[in-house]
Amino acid sequence: MNSRIYYTKPSVTDLEVRYATDAATDGWGENCYAYIDRFEKEFASHLGVRHAISTSSCTGALHMGMAALGIGRGDEVILADSNWIATAAPIFHLGAQPVFVDILSESWCLDPHLVEKAITPRTKAIVAVHLYGNLCEMDELLSIGAKHGVPVIEDAAEAIGSIYRGRRAGSMGNFGTFSFHGTKTITTGEGGMFVTNDPELYDRMLTLSNHGRDRNEAKQFWPEKIGFKYKMSNIQAAVGCAQLERVDHLVNRKREIFQYYRDQVSEIPGGLTNPEPEGTRIGAWMPSAVFPDESGITRERLLAAFHADNIDARVFFWPLSSLPFFKAKPENIFAYGIPGRAINLPSYHDMTVEDLGRVASCLRKVYSSVRGSA
Ligand SMILES: *Cc1c(COP(=O)(O)O)cnc(C)c1O
């Protein structure tokens, strides 16, 4: 049996171990926020934003950020149907309604035209999710938001290293969020980040994220409102500081792997990988391949071939509206159509040339088998 090829796996070096050891040894008492403060400051500077607040997860950052925007019962939040549940769950927990619109066939992200059509007097936010590190049409979405007075949130959990017309993903909306889950390009085990350029929103978030305590409140143990507790630990932040020092290296390796797959997939007629339109550069968190309907290449054939070679490839996200607790929206034809002829390809930092070759040969095998049976 060939050795297992995982679909993601963090790259952890002596630097991460050294910082984590230091935090575990000395990061207490007066040093108990040292790595947290440093990670937030350096992350904000990397992204080119004014403020950053570290969190226990991206889900937590979204939950608090949406609460800070005042999203609540009866409100509507527009987002793409193709996504992981993490973006929709906080909307639900706040008593609001997720409104799922279709994606564009090329970018696999929100179709701005459908976003504008979905706006109602109850719309309280648009969430631009940069799926797999691809970039949403931010200029269009921001101008729709401005025109209707609706905030635009960027879920950039998958998009560190992605740049849209000179601006980093996560830095363009009213606020942005990131994930440092173990599967993401930079990791703290579990963890997330909230970023914003809006000083008032930042202030509200600081209070909310500290169990509702205002940082200027002199009285001890005195919350002014019910808040949240989604904090990152100093030890996690130490790992994050080390990962952030290596972020360009980590993103560049993702891009190398992506470019290798792009070349391979382009040899299959109609095969597409993550798009990188003029004026953008993607962080390529999750290189993926989508094949045309008429190719006969299906998710099931791809999964079977990868499974047979002990390669862990993942399915393209199911449409959220197809999950049992939501109302199906099959009119979202791309969100419903693409997953059946798509696959996420393995892309962890330490993949070898042989590993990449095995993945490419799996794709070729599937292609020649459907050609043979046609
Ligand atoms: C990973 C991910 C999240 C959730 O991140 P956590 O840190 O696990 O909460 C949210 N949105 C998207 C698009 C993700 O990929």
# chains A, B, ... in the order shown; residues from 1 in each chain; ligands from 1
call {"tool": "residues_near_ligand", "arguments": {"ligand": "ligand 1", "cutoff": "6 Å", "atoms": "only C-alpha atoms and all ligand atoms", "output": "list of chain:residue names"}}
result
A:Ser57, A:Cys58, A:Thr59, A:Trp84, A:Ala86, A:Thr87, A:Val129, A:Asp155, A:Ala157, A:Glu158, A:Ser179, A:Phe180, A:His181, A:Gly191, A:Gly192
call {"tool": "write_last_selection", "arguments": {"atoms": "N, CA and C atoms", "output": "PDB file, in the first residue's frame"}}
result
ATOM      1  N   SER A  57     -11.594  31.027  17.612  1.00  0.00           N
ATOM      2  CA  SER A  57     -11.905  30.440  16.301  1.00  0.00           C
ATOM      3  C   SER A  57     -12.415  31.538  15.383  1.00  0.00           C
ATOM      4  N   CYS A  58     -12.471  31.223  14.101  1.00  0.00           N
ATOM      5  CA  CYS A  58     -13.078  32.148  13.145  1.00  0.00           C
ATOM      6  C   CYS A  58     -14.584  32.222  13.395  1.00  0.00           C
ATOM      7  N   THR A  59     -15.176  31.093  13.747  1.00  0.00           N
ATOM      8  CA  THR A  59     -16.608  31.070  14.047  1.00  0.00           C
ATOM      9  C   THR A  59     -16.925  32.058  15.165  1.00  0.00           C
ATOM     10  N   TRP A  84     -18.706  26.405   3.960  1.00  0.00           N
ATOM     11  CA  TRP A  84     -18.739  25.584   5.160  1.00  0.00           C
ATOM     12  C   TRP A  84     -19.766  26.197   6.117  1.00  0.00           C
ATOM     13  N   ALA A  86     -19.681  27.004   9.099  1.00  0.00           N
ATOM     14  CA  ALA A  86     -19.175  27.924  10.138  1.00  0.00           C
ATOM     15  C   ALA A  86     -19.640  29.363   9.942  1.00  0.00           C
ATOM     16  N   THR A  87     -19.850  29.792   8.701  1.00  0.00           N
ATOM     17  CA  THR A  87     -20.271  31.173   8.461  1.00  0.00           C
ATOM     18  C   THR A  87     -21.759  31.340   8.752  1.00  0.00           C
ATOM     19  N   VAL A 129     -17.448  35.452   1.363  1.00  0.00           N
ATOM     20  CA  VAL A 129     -16.551  34.357   1.760  1.00  0.00           C
ATOM     21  C   VAL A 129     -15.595  34.098   0.599  1.00  0.00           C
ATOM     22  N   ASP A 155     -15.394  36.947   5.247  1.00  0.00           N
ATOM     23  CA  ASP A 155     -14.918  35.725   5.890  1.00  0.00           C
ATOM     24  C   ASP A 155     -13.700  35.269   5.094  1.00  0.00           C
ATOM     25  N   ALA A 157     -11.344  33.281   6.212  1.00  0.00           N
ATOM     26  CA  ALA A 157     -10.780  32.103   6.892  1.00  0.00           C
ATOM     27  C   ALA A 157      -9.835  31.323   5.992  1.00  0.00           C
ATOM     28  N   GLU A 158     -10.156  31.304   4.693  1.00  0.00           N
ATOM     29  CA  GLU A 158      -9.401  30.476   3.756  1.00  0.00           C
ATOM     30  C   GLU A 158      -8.477  31.330   2.883  1.00  0.00           C
ATOM     31  N   SER A 179      -9.267  32.184  10.164  1.00  0.00           N
ATOM     32  CA  SER A 179      -9.201  30.953  10.961  1.00  0.00           C
ATOM     33  C   SER A 179      -7.777  30.443  11.011  1.00  0.00           C
ATOM     34  N   PHE A 180      -7.381  29.961  12.196  1.00  0.00           N
ATOM     35  CA  PHE A 180      -6.077  29.316  12.345  1.00  0.00           C
ATOM     36  C   PHE A 180      -6.264  27.864  12.782  1.00  0.00           C
ATOM     37  N   HIS A 181      -7.358  27.265  12.313  1.00  0.00           N
ATOM     38  CA  HIS A 181      -7.584  25.836  12.525  1.00  0.00           C
ATOM     39  C   HIS A 181      -6.423  25.056  11.895  1.00  0.00           C
ATOM     40  N   GLY A 191      -8.049  28.584  16.483  1.00  0.00           N
ATOM     41  CA  GLY A 191      -7.864  30.015  16.697  1.00  0.00           C
ATOM     42  C   GLY A 191      -8.422  30.823  15.559  1.00  0.00           C
ATOM     43  N   GLY A 192      -8.551  32.121  15.793  1.00  0.00           N
ATOM     44  CA  GLY A 192      -9.088  32.992  14.756  1.00  0.00           C
ATOM     45  C   GLY A 192      -8.667  34.427  14.998  1.00  0.00           C
TER      46      GLY A 192
END
call {"tool": "residues_around", "arguments": {"residues": "Gly337 (chain A)", "least_positions_apart": "2", "cutoff": "12 Å", "atoms": "only C-alpha atoms", "output": "ChimeraX atom specification"}}
result
/A:81-82,102-105,108,290-293,298-299,316-319,322,329-335,339-342
call {"tool": "closest_atom_pairs", "arguments": {"of": "region 141-205 of chain A", "to": "region 39-48 of chain A", "cutoff": "9 Å", "atoms": "only C-alpha atoms", "output": "tab-separated table"}}
result
residue	atom	partner	partner_atom	distance
A:Ile160	CA	A:Leu47	CA	8.8
A:Arg167	CA	A:Gly48	CA	8.2
A:Arg168	CA	A:Leu47	CA	6.0
A:Ala169	CA	A:Leu47	CA	8.1
A:Gly170	CA	A:Leu47	CA	7.7
A:Ser171	CA	A:Leu47	CA	6.5
A:Met193	CA	A:Glu40	CA	8.0
A:Val195	CA	A:Ala44	CA	7.1
A:Thr196	CA	A:Ala44	CA	8.8
call {"tool": "closest_residue", "arguments": {"among": "A:Leu206, A:Ile282, A:Leu79, A:Leu131", "to": "Ile163 (chain A)", "atoms": "only C-alpha atoms"}}
result
A:Ile282
call {"tool": "residues_around", "arguments": {"residues": "region 18-24 of chain A", "least_positions_apart": "3", "cutoff": "10 Å", "atoms": "only C-alpha atoms", "output": "list in words"}}
result
Thr13, Asp14, Leu15, Gly27, Trp28, Asn31, Cys32, Tyr33, Ala34, Tyr35, Ser233, Asn234, Ile235, Gln236, Ala237, Ala238, Val239, Gly240, Cys241 and Ala242 of chain A
call {"tool": "closest_residue", "arguments": {"among": "A:Asp198, A:Asp26, A:Glu267, A:Asp350", "to": "Arg253 (chain A)", "atoms": "only C-alpha atoms"}}
result
A:Asp350
call {"tool": "residues_around", "arguments": {"residues": "region 210-226 of chain A", "least_positions_apart": "4", "cutoff": "12 Å", "atoms": "only C-alpha atoms", "output": "PyMOL selection string"}}
result
chain A and resi 53-55+64+67-68+202-206+230-232
call {"tool": "select_by_dssp", "arguments": {"residues": "region 201-360 of chain A", "states": "helix (DSSP H, G or I)", "output": "VMD selection string"}}
result
chain A and resid 201 to 208 234 to 245 247 to 265 293 to 295 299 to 308 320 to 322 333 to 341 353 to 360
call {"tool": "atom_distance", "arguments": {"atom1": "CA of Gly271 (chain A)", "atom2": "CA of Arg301 (chain A)"}}
result
15.0 Å
call {"tool": "closest_residue", "arguments": {"among": "A:Val150, A:Ala304, A:Gly72, A:Gly279", "to": "Lys365 (chain A)", "atoms": "only C-alpha atoms"}}
result
A:Ala304
call {"tool": "atom_distance", "arguments": {"atom1": "CA of Ala156 (chain A)", "atom2": "CA of Leu363 (chain A)"}}
result
28.8 Å
call {"tool": "closest_residue", "arguments": {"among": "A:Ala125, A:Met66, A:Cys136, A:Ile311", "to": "Ala159 (chain A)", "atoms": "only C-alpha atoms"}}
result
A:Cys136
call {"tool": "select_by_dssp", "arguments": {"residues": "region 150-372 of chain A", "states": "strand (DSSP E)", "output": "list in words"}}
result
Val152, Ile153, Glu154, Asp155, Ile163, Tyr164, Arg167, Arg168, Phe175, Gly176, Thr177, Phe178, Ser179, Gly192, Met193, Phe194, Val195, Thr196, Leu272, Thr273, Thr280, Arg281, Ser288, Ala289, Val290, Ala342, Ile343 and Asn344 of chain A
call {"tool": "closest_residue", "arguments": {"among": "A:Met172, A:Met351, A:Leu110, A:Ile297", "to": "Arg364 (chain A)", "atoms": "only C-alpha atoms"}}
result
A:Ile297
call {"tool": "residues_around", "arguments": {"residues": "Gln243 (chain A)", "least_positions_apart": "2", "cutoff": "8 Å", "atoms": "only C-alpha atoms", "output": "list in words"}}
result
Val12, Glu16, Ile186, Thr187, Val239, Gly240, Cys241, Glu245, Arg246 and Val247 of chain A
